[in-house]
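Below: the structure, in structure tokens.
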Amino acid sequence: MKTIIDMHSIIKSFYIGLPNELEILHEIDLQVYEGEFISIVGQSGSGKSTLMNIIGALDRPTSGSYVLDGEDISELTDNELSDIRNIKIGFVFQTFNLIPRSSALRNIELPMLYNGLGMTERTSRAKELLKMVDMEDRMTHKPSELSGGQKQRVAIARAMANNPAIILADEPTGALDSKTGELVMDIFADLNKNHGKTVVLITHNTKLAARTDRILTLSDGRFERIES
Amino acid sequence: MLLIENIKLAFEGLFANKVRALLTMLGIIIGIGSVLAIVTVGNSMSASVTSDMSSFGVSNINVRVTQRNSDRHMPSSSLNENDYITDEMLESFLNMHGEKVESVSVSKSGGPGTAREGRKYANVNIIGVNDGYGAVNNVAVQNGRFLRTDDIKSRRYVAVVSDRLTENIFSKDVDPLGKEVRIDDGLGIQTYLIVGVYKYEEGPFAAFRMFMGPRSEETTDLYIPVSTQQLNSSSVSGYQSFTVMANSDTDSIAFSETVKDFFNAYYKNNARCEVSANAMETSMETVNSMMGTMQLAIAVIAGISLLVGGIGVMNIMLVSVMERTREIGTRKALGARNAAIRMQFIVEAVIICGVGGVIGVVLGFAGGYAGSLALGFPGLPSAGTVVLAVLFSMAIGVFFGYYPANKAAKLDPIEALRYE
Ligand SMILES: Nc1ncnc2c1ncn2[C@@H]1O[C@H](COP(=O)(O)OP(=O)(O)O)[C@@H](O)[C@H]1O
Ligand SMILES: [Mg+2]
């Protein structure tokens, strides 16, 4: 099987004023295979989001090597990283992060806009994605007119806009009740099974984590053990 | 593609927060509006002054008895009989320099009065004039004639009146020529024969007449022979001032020196008074340069207002960037390049300033038109000026939007996403 995320000895530290340097991630090794659905669990502050940001090319590691879909991304420019986020990665956040002034449709179009797609193409793809998450009747609604679960469904549709290889979700059910959380989890499972997406999920919910192929536990910046 | 979307987005943002947008634009609106209004009114003012002056004639030379060593005109009350320019002086002037002179105009105010015909009356300003007055001051006689030399010589009781006056005191089907009017100058009532009717020109503020009472209350000038006027008033003979109209071959500025020297010869022994002679052409140059200076000063003030407006836009853009920190982080996570974020905010600033500019143009149009209408020379800014004004305000948007936009573009995506 093809390794889509390949990390070796990733260290991330923050300068919190000299001479203190705070190492958050200690020599992380991580291999995720194409089409895998994994979950990362761990206590708050253990470095899950920090790791996720590096996986998603939002942040650069302090040291270590990271090959994403066959491409070493540690040497890329800001613009190249932007393009990777745009095309290869789909982010889903705990707080949804929809653009408040834009409709559901326009939110979904956003990644395609940055990818240079024309309007007709954008709109038809966005409508398709809305249908996929069962939200086609909420096309013109603003985020403030949607419930938490609906917002997250729009956000997932947006993450899928440019048909990325990887979906990264950082506690996507953290702001939802458990029933809605399950429904959102169903969508991720569907993306993984039926659309071939590699999904990396951060969660606190062990029940949801149990639905994934593999659970990684992060503790103080190190993986505890790898279950398979 | 992105640009169109950004323009849409900017307009959405604008309409979502109208009051704030309007307040932000205010500086630009005032700046652009006042520049446009001022340019329009300034042009109209130039046109009005130029036309006023050329209607009086650029070849006119105003001659006046003034106090020695003083710039100020002296009040006529401080002159005595010996200080006035006499008809004899004028006669010998014409004998000597007549070939350079088109005409000479003298006038003496007889003060306010009323013209009556039956029970109807009209307010008038009685002015005693000579035969040259009509030509020098462009009195537009429509019907009949202006006063003639023999009217003056024979001290006739004849008058030239305005069409307003005849409309007010005669019925429509009556020809006022040859009709008599009784003129009350406050000292007594005399009967005059109407020999001419001139077309009354409304003053520059005629547009505001609604504030000045009805048309029939209007006071118009009524001309009678200056010699006749003297018969009925206690005023001394002679003039404190008069106007020489040089003929078209004469250089009026040079000739004004000759005129001055000629009359000053009579005042050699007068310790208090002398004669000054000013060519209209000189005053016109002065007025033009003064107006240029004024426009420049106002342009500087408008420029400062635009600068302040621009800083206001920059301030609001900085606030807007801060408010939308999370949005910026999200956009970056979704793959927006720094340049795309920068463009989004610059476009927003340009739209704010551009819309402000357009509102300013509309207000400047209205203000400029109203102002120039009041001056009697209604004018509108040219299309080029309008386009320039809007483009300039958009340029202000680029200039003052760049710093906030760049700040947004350089935000760290993770910190932006964590921003509360
Ligand atoms: N920019 C930063 N500067 C300093 N410390 C940071 C920064 N970002 C994260 N941290 C620290 O790194 C640790 C891990 O944070 P995070 O990855 O958000 O944890 P998690 O997502 O597992 O709750 C925390 O102790 C946090 O305070
Ligand atoms: Mg976290």
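How things are named: the first chain in the structure tokens is A, the next is B, and so on; residues count from 1 in each chain; ligands count from 1 in the order shown.
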Given 12 Å and only C-alpha atoms and all ligand atoms, residues near ligand 1 as a PyMOL selection string: (chain A and resi 12-17+20-26+40-54+59+93-94+169-171+174+201-204+217-223) or (chain B and resi 412-419)
Residue contacts of Val321 in chain B (10 Å, only C-alpha atoms) excluding same-chain residues fewer than 4 positions away, as a list in words: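 Near neighbours after the sequence-gap exclusion: Asn315, Ile316, Met317, Thr325, Arg326, Glu327, Ile328, Phe345, Pro404, Ala405, Asn406, Lys407, Ala408, Ala409 and Leu411 of chain B.
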Residue subset to file, keeping C-alpha atoms, as a CSV table (one decimal), in the first residue's frame:
chain,number,residue,atom,x,y,z
B,315,ASN,CA,-7.8,52.9,10.3
B,316,ILE,CA,-11.1,51.1,9.5
B,317,MET,CA,-9.2,48.6,7.3
B,325,THR,CA,-8.4,37.4,11.7
B,326,ARG,CA,-10.0,34.0,11.9
B,327,GLU,CA,-11.5,34.4,8.5
B,328,ILE,CA,-8.1,35.2,7.1
B,345,PHE,CA,-8.3,43.9,1.3
B,404,PRO,CA,-3.6,46.9,6.3
B,405,ALA,CA,-3.9,44.5,3.4
B,406,ASN,CA,-0.3,43.5,3.6
B,407,LYS,CA,-0.7,43.1,7.4
B,408,ALA,CA,-3.5,40.6,6.7
B,409,ALA,CA,-1.5,38.8,4.0
B,411,LEU,CA,-0.7,36.9,9.3
Exercise answer, chain B residues close to chain A, 6 Å and only C-alpha atoms, as an NGL selection string: :B and (334-337)
Restricted to all heavy atoms, what would the selected residues look like written as an mmCIF file, in the first residue's frame?
data_model
loop_
_atom_site.group_PDB
_atom_site.id
_atom_site.type_symbol
_atom_site.label_atom_id
_atom_site.label_comp_id
_atom_site.auth_asym_id
_atom_site.auth_seq_id
_atom_site.Cartn_x
_atom_site.Cartn_y
_atom_site.Cartn_z
ATOM 1 N N LEU B 334 -7.555 27.130 3.554
ATOM 2 C CA LEU B 334 -8.232 26.596 2.368
ATOM 3 C C LEU B 334 -7.401 26.788 1.107
ATOM 4 O O LEU B 334 -7.827 26.410 0.020
ATOM 5 C CB LEU B 334 -9.588 27.276 2.185
ATOM 6 C CG LEU B 334 -10.594 27.038 3.308
ATOM 7 C CD1 LEU B 334 -11.878 27.795 3.039
ATOM 8 C CD2 LEU B 334 -10.885 25.549 3.478
ATOM 9 N N GLY B 335 -6.225 27.404 1.261
ATOM 10 C CA GLY B 335 -5.328 27.476 0.116
ATOM 11 C C GLY B 335 -5.147 28.851 -0.489
ATOM 12 O O GLY B 335 -4.578 28.978 -1.567
ATOM 13 N N ALA B 336 -5.641 29.906 0.200
ATOM 14 C CA ALA B 336 -5.433 31.251 -0.335
ATOM 15 C C ALA B 336 -3.964 31.633 -0.203
ATOM 16 O O ALA B 336 -3.367 31.456 0.854
ATOM 17 C CB ALA B 336 -6.296 32.259 0.423
ATOM 18 N N ARG B 337 -3.388 32.108 -1.299
ATOM 19 C CA ARG B 337 -2.022 32.612 -1.216
ATOM 20 C C ARG B 337 -2.039 33.993 -0.561
ATOM 21 O O ARG B 337 -3.068 34.677 -0.545
ATOM 22 C CB ARG B 337 -1.421 32.739 -2.617
ATOM 23 C CG ARG B 337 -1.156 31.394 -3.276
ATOM 24 C CD ARG B 337 -0.505 31.626 -4.619
ATOM 25 N NE ARG B 337 -0.037 30.372 -5.203
ATOM 26 C CZ ARG B 337 0.814 30.326 -6.221
ATOM 27 N NH1 ARG B 337 1.272 31.463 -6.748
ATOM 28 N NH2 ARG B 337 1.207 29.179 -6.705
#
Alpha helix (DSSP H) positions in range 77-171 of chain B, given as a PyMOL selection string: chain B and resi 87-97+133-136+149-153+163-169
All residues 12 Å or closer to Val158 in chain B, only C-alpha atoms, same chain fewer than 6 positions away omitted, as a ChimeraX atom specification: /B:128-129,144-148,150-152,177-183,190-197,222-229
Grab the residues selected above and save them as a tab-separated table (two decimals), in the first residue's frame with N, CA and C atoms.
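Wrote it out as out14.tsv, contents follow:
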chain	number	residue	atom	x	y	z
B	128	GLY	N	-27.99	109.97	-12.12
B	128	GLY	CA	-27.77	111.02	-13.10
B	128	GLY	C	-26.57	110.65	-13.95
B	129	VAL	N	-26.75	110.62	-15.26
B	129	VAL	CA	-25.65	110.16	-16.13
B	129	VAL	C	-25.49	111.11	-17.31
B	144	GLY	N	-36.58	102.54	-27.99
B	144	GLY	CA	-36.25	103.96	-27.86
B	144	GLY	C	-34.75	104.17	-27.93
B	145	ARG	N	-34.23	105.05	-27.09
B	145	ARG	CA	-32.81	105.42	-27.19
B	145	ARG	C	-32.26	105.70	-25.80
B	146	PHE	N	-30.94	105.79	-25.73
B	146	PHE	CA	-30.33	106.22	-24.47
B	146	PHE	C	-30.31	107.76	-24.45
B	147	LEU	N	-29.87	108.34	-23.36
B	147	LEU	CA	-29.81	109.80	-23.26
B	147	LEU	C	-28.79	110.34	-24.27
B	148	ARG	N	-29.07	111.52	-24.81
B	148	ARG	CA	-28.18	112.10	-25.82
B	148	ARG	C	-27.55	113.39	-25.29
B	150	ASP	N	-27.75	116.38	-26.30
B	150	ASP	CA	-28.65	117.53	-26.16
B	150	ASP	C	-29.58	117.41	-24.96
B	151	ASP	N	-29.87	116.14	-24.53
B	151	ASP	CA	-30.66	115.96	-23.30
B	151	ASP	C	-29.89	116.55	-22.12
B	152	ILE	N	-28.56	116.32	-22.13
B	152	ILE	CA	-27.73	116.78	-21.03
B	152	ILE	C	-27.61	118.31	-21.09
B	177	LEU	N	-42.90	104.30	-24.34
B	177	LEU	CA	-42.14	105.42	-24.92
B	177	LEU	C	-43.06	106.63	-25.05
B	178	GLY	N	-42.53	107.79	-24.63
B	178	GLY	CA	-43.30	109.02	-24.74
B	178	GLY	C	-44.27	109.20	-23.59
B	179	LYS	N	-44.37	108.17	-22.70
B	179	LYS	CA	-45.25	108.30	-21.54
B	179	LYS	C	-44.54	109.05	-20.43
B	180	GLU	N	-45.31	109.63	-19.58
B	180	GLU	CA	-44.71	110.38	-18.48
B	180	GLU	C	-44.76	109.55	-17.21
B	181	VAL	N	-43.71	109.67	-16.39
B	181	VAL	CA	-43.74	109.08	-15.06
B	181	VAL	C	-43.39	110.16	-14.06
B	182	ARG	N	-43.96	110.02	-12.88
B	182	ARG	CA	-43.61	110.95	-11.81
B	182	ARG	C	-42.57	110.27	-10.94
B	183	ILE	N	-41.47	110.98	-10.72
B	183	ILE	CA	-40.39	110.36	-9.95
B	183	ILE	C	-40.21	111.12	-8.64
B	190	GLN	N	-40.87	115.07	-9.60
B	190	GLN	CA	-40.76	115.68	-10.92
B	190	GLN	C	-41.34	114.72	-11.95
B	191	THR	N	-41.81	115.29	-13.02
B	191	THR	CA	-42.34	114.45	-14.09
B	191	THR	C	-41.31	114.34	-15.20
B	192	TYR	N	-41.05	113.08	-15.62
B	192	TYR	CA	-40.07	112.81	-16.67
B	192	TYR	C	-40.76	112.11	-17.83
B	193	LEU	N	-40.16	112.33	-19.02
B	193	LEU	CA	-40.65	111.67	-20.21
B	193	LEU	C	-39.78	110.44	-20.48
B	194	ILE	N	-40.41	109.30	-20.69
B	194	ILE	CA	-39.61	108.09	-20.96
B	194	ILE	C	-39.16	108.11	-22.42
B	195	VAL	N	-37.82	108.06	-22.63
B	195	VAL	CA	-37.31	108.05	-24.00
B	195	VAL	C	-36.69	106.71	-24.38
B	196	GLY	N	-36.43	105.90	-23.37
B	196	GLY	CA	-35.82	104.61	-23.70
B	196	GLY	C	-36.12	103.58	-22.62
B	197	VAL	N	-36.18	102.30	-23.05
B	197	VAL	CA	-36.36	101.20	-22.11
B	197	VAL	C	-35.20	100.23	-22.32
B	222	LEU	N	-32.72	103.84	-12.80
B	222	LEU	CA	-33.43	104.77	-13.68
B	222	LEU	C	-32.46	105.90	-14.01
B	223	TYR	N	-32.25	106.12	-15.31
B	223	TYR	CA	-31.24	107.09	-15.72
B	223	TYR	C	-31.89	108.40	-16.15
B	224	ILE	N	-31.36	109.49	-15.60
B	224	ILE	CA	-31.81	110.82	-16.03
B	224	ILE	C	-30.56	111.65	-16.33
B	225	PRO	N	-30.67	112.73	-17.07
B	225	PRO	CA	-29.49	113.56	-17.35
B	225	PRO	C	-28.90	114.09	-16.05
B	226	VAL	N	-27.59	114.01	-15.95
B	226	VAL	CA	-26.93	114.43	-14.72
B	226	VAL	C	-27.15	115.92	-14.47
B	227	SER	N	-27.29	116.66	-15.56
B	227	SER	CA	-27.49	118.11	-15.44
B	227	SER	C	-28.88	118.42	-14.85
B	228	THR	N	-29.85	117.62	-15.29
B	228	THR	CA	-31.21	117.80	-14.78
B	228	THR	C	-31.26	117.46	-13.30
B	229	GLN	N	-30.54	116.40	-12.97
B	229	GLN	CA	-30.51	115.97	-11.58
B	229	GLN	C	-30.00	117.08	-10.68
Strand (DSSP E) call set, DSSP backbone run, range 42-211 of chain A, as a list of chain:residue names: A:Gly42, A:Ser63, A:Gly64, A:Ser65, A:Tyr66, A:Val67, A:Leu68, A:Glu71, A:Asp72, A:Ile89, A:Gly90, A:Phe91, A:Val92, A:Ile166, A:Ile167, A:Leu168, A:Ala169, A:Asp170, A:Thr198, A:Val199, A:Val200, A:Leu201, A:Ile202
Dump N, CA and C atoms for the selected residues as an mmCIF file, in the first residue's frame?
data_model
loop_
_atom_site.group_PDB
_atom_site.id
_atom_site.type_symbol
_atom_site.label_atom_id
_atom_site.label_comp_id
_atom_site.auth_asym_id
_atom_site.auth_seq_id
_atom_site.Cartn_x
_atom_site.Cartn_y
_atom_site.Cartn_z
ATOM 1 N N GLY A 42 -5.722 11.801 22.631
ATOM 2 C CA GLY A 42 -4.723 12.232 23.607
ATOM 3 C C GLY A 42 -5.256 13.390 24.406
ATOM 4 N N SER A 63 12.324 20.386 12.935
ATOM 5 C CA SER A 63 13.249 19.509 12.212
ATOM 6 C C SER A 63 12.542 18.202 11.893
ATOM 7 N N GLY A 64 13.167 17.365 11.091
ATOM 8 C CA GLY A 64 12.556 16.112 10.683
ATOM 9 C C GLY A 64 12.144 16.167 9.225
ATOM 10 N N SER A 65 11.776 15.045 8.677
ATOM 11 C CA SER A 65 11.390 15.038 7.267
ATOM 12 C C SER A 65 9.912 14.674 7.127
ATOM 13 N N TYR A 66 9.289 15.299 6.160
ATOM 14 C CA TYR A 66 7.866 15.042 5.912
ATOM 15 C C TYR A 66 7.653 14.944 4.412
ATOM 16 N N VAL A 67 7.269 13.760 3.984
ATOM 17 C CA VAL A 67 6.943 13.557 2.576
ATOM 18 C C VAL A 67 5.432 13.367 2.474
ATOM 19 N N LEU A 68 4.811 14.262 1.750
ATOM 20 C CA LEU A 68 3.356 14.226 1.592
ATOM 21 C C LEU A 68 3.044 13.827 0.159
ATOM 22 N N GLU A 71 5.945 13.952 -2.074
ATOM 23 C CA GLU A 71 6.655 15.213 -2.235
ATOM 24 C C GLU A 71 7.216 15.677 -0.888
ATOM 25 N N ASP A 72 8.534 15.913 -0.834
ATOM 26 C CA ASP A 72 9.140 16.428 0.394
ATOM 27 C C ASP A 72 8.741 17.891 0.543
ATOM 28 N N ILE A 89 -5.262 18.909 0.532
ATOM 29 C CA ILE A 89 -5.742 18.802 1.911
ATOM 30 C C ILE A 89 -7.139 19.405 2.025
ATOM 31 N N GLY A 90 -7.963 18.766 2.833
ATOM 32 C CA GLY A 90 -9.229 19.383 3.188
ATOM 33 C C GLY A 90 -9.328 19.479 4.699
ATOM 34 N N PHE A 91 -9.426 20.723 5.196
ATOM 35 C CA PHE A 91 -9.479 20.931 6.649
ATOM 36 C C PHE A 91 -10.916 20.988 7.156
ATOM 37 N N VAL A 92 -11.142 20.334 8.293
ATOM 38 C CA VAL A 92 -12.415 20.503 8.999
ATOM 39 C C VAL A 92 -12.055 20.880 10.440
ATOM 40 N N ILE A 166 -6.485 14.026 1.101
ATOM 41 C CA ILE A 166 -6.511 13.857 2.555
ATOM 42 C C ILE A 166 -7.518 14.810 3.190
ATOM 43 N N ILE A 167 -8.311 14.254 4.126
ATOM 44 C CA ILE A 167 -9.194 15.097 4.917
ATOM 45 C C ILE A 167 -8.640 15.118 6.342
ATOM 46 N N LEU A 168 -8.388 16.328 6.858
ATOM 47 C CA LEU A 168 -7.892 16.465 8.222
ATOM 48 C C LEU A 168 -8.984 17.104 9.065
ATOM 49 N N ALA A 169 -9.369 16.425 10.132
ATOM 50 C CA ALA A 169 -10.450 16.947 10.962
ATOM 51 C C ALA A 169 -9.980 17.019 12.410
ATOM 52 N N ASP A 170 -9.898 18.260 12.933
ATOM 53 C CA ASP A 170 -9.417 18.478 14.295
ATOM 54 C C ASP A 170 -10.612 18.654 15.229
ATOM 55 N N THR A 198 -8.220 9.606 2.337
ATOM 56 C CA THR A 198 -7.485 9.313 3.556
ATOM 57 C C THR A 198 -7.979 10.305 4.600
ATOM 58 N N VAL A 199 -8.418 9.797 5.752
ATOM 59 C CA VAL A 199 -8.977 10.699 6.758
ATOM 60 C C VAL A 199 -8.165 10.597 8.046
ATOM 61 N N VAL A 200 -7.726 11.759 8.532
ATOM 62 C CA VAL A 200 -7.068 11.805 9.844
ATOM 63 C C VAL A 200 -7.971 12.606 10.769
ATOM 64 N N LEU A 201 -8.373 11.960 11.857
ATOM 65 C CA LEU A 201 -9.363 12.550 12.745
ATOM 66 C C LEU A 201 -8.771 12.699 14.142
ATOM 67 N N ILE A 202 -8.878 13.902 14.675
ATOM 68 C CA ILE A 202 -8.520 14.093 16.084
ATOM 69 C C ILE A 202 -9.813 14.120 16.869
#
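The spacing separating CA of Ala333 in chain B from CA of Pro164 in chain A amounts to 13.1 Å.
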Residue neighbourhood range 249-257 of chain B, 12 Å, only C-alpha atoms, exclusion window fewer than 2 positions, as a VMD selection string: chain B and resid 57 to 64 97 to 102 243 to 247 259 to 264 275 to 285
How about saving the chosen residues, C-alpha atoms kept, as an mmCIF file, in the first residue's frame?
data_model
loop_
_atom_site.group_PDB
_atom_site.id
_atom_site.type_symbol
_atom_site.label_atom_id
_atom_site.label_comp_id
_atom_site.auth_asym_id
_atom_site.auth_seq_id
_atom_site.Cartn_x
_atom_site.Cartn_y
_atom_site.Cartn_z
ATOM 1 C CA GLY B 57 -15.311 96.853 -21.136
ATOM 2 C CA VAL B 58 -11.726 95.836 -20.745
ATOM 3 C CA SER B 59 -10.829 99.123 -22.381
ATOM 4 C CA ASN B 60 -12.373 101.113 -19.525
ATOM 5 C CA ILE B 61 -10.276 103.312 -17.287
ATOM 6 C CA ASN B 62 -11.717 104.320 -13.947
ATOM 7 C CA VAL B 63 -10.648 107.778 -12.865
ATOM 8 C CA ARG B 64 -11.151 108.793 -9.255
ATOM 9 C CA HIS B 97 -6.878 113.235 -26.110
ATOM 10 C CA GLY B 98 -10.236 112.857 -27.807
ATOM 11 C CA GLU B 99 -8.847 110.735 -30.633
ATOM 12 C CA LYS B 100 -7.957 107.990 -28.187
ATOM 13 C CA VAL B 101 -11.308 108.031 -26.422
ATOM 14 C CA GLU B 102 -14.432 106.181 -27.420
ATOM 15 C CA THR B 243 -14.961 106.290 -16.585
ATOM 16 C CA VAL B 244 -13.000 106.742 -19.785
ATOM 17 C CA MET B 245 -13.530 104.150 -22.466
ATOM 18 C CA ALA B 246 -10.465 104.006 -24.657
ATOM 19 C CA ASN B 247 -11.057 103.181 -28.294
ATOM 20 C CA VAL B 259 -5.119 110.170 -18.126
ATOM 21 C CA LYS B 260 -3.760 110.203 -14.614
ATOM 22 C CA ASP B 261 -1.041 112.728 -15.463
ATOM 23 C CA PHE B 262 -3.480 114.933 -17.300
ATOM 24 C CA PHE B 263 -5.889 115.288 -14.401
ATOM 25 C CA ASN B 264 -3.236 115.417 -11.735
ATOM 26 C CA VAL B 275 -6.314 111.583 -9.134
ATOM 27 C CA SER B 276 -5.866 107.889 -9.755
ATOM 28 C CA ALA B 277 -6.657 106.114 -13.008
ATOM 29 C CA ASN B 278 -7.001 102.342 -13.169
ATOM 30 C CA ALA B 279 -7.350 100.391 -16.361
ATOM 31 C CA MET B 280 -9.870 97.556 -16.122
ATOM 32 C CA GLU B 281 -7.365 95.330 -17.851
ATOM 33 C CA THR B 282 -5.010 95.664 -14.892
ATOM 34 C CA SER B 283 -7.737 94.834 -12.407
ATOM 35 C CA MET B 284 -8.735 91.866 -14.477
ATOM 36 C CA GLU B 285 -5.234 90.477 -14.345
#
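Here CA of Thr258 in chain B and CA of Val49 in chain B stand 26.6 Å from one another.
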Counting only C-alpha atoms, the residue of B:Ser92, B:Ser233, B:Thr219, B:Thr24 that sits nearest Gly186 in chain B: B:Ser233
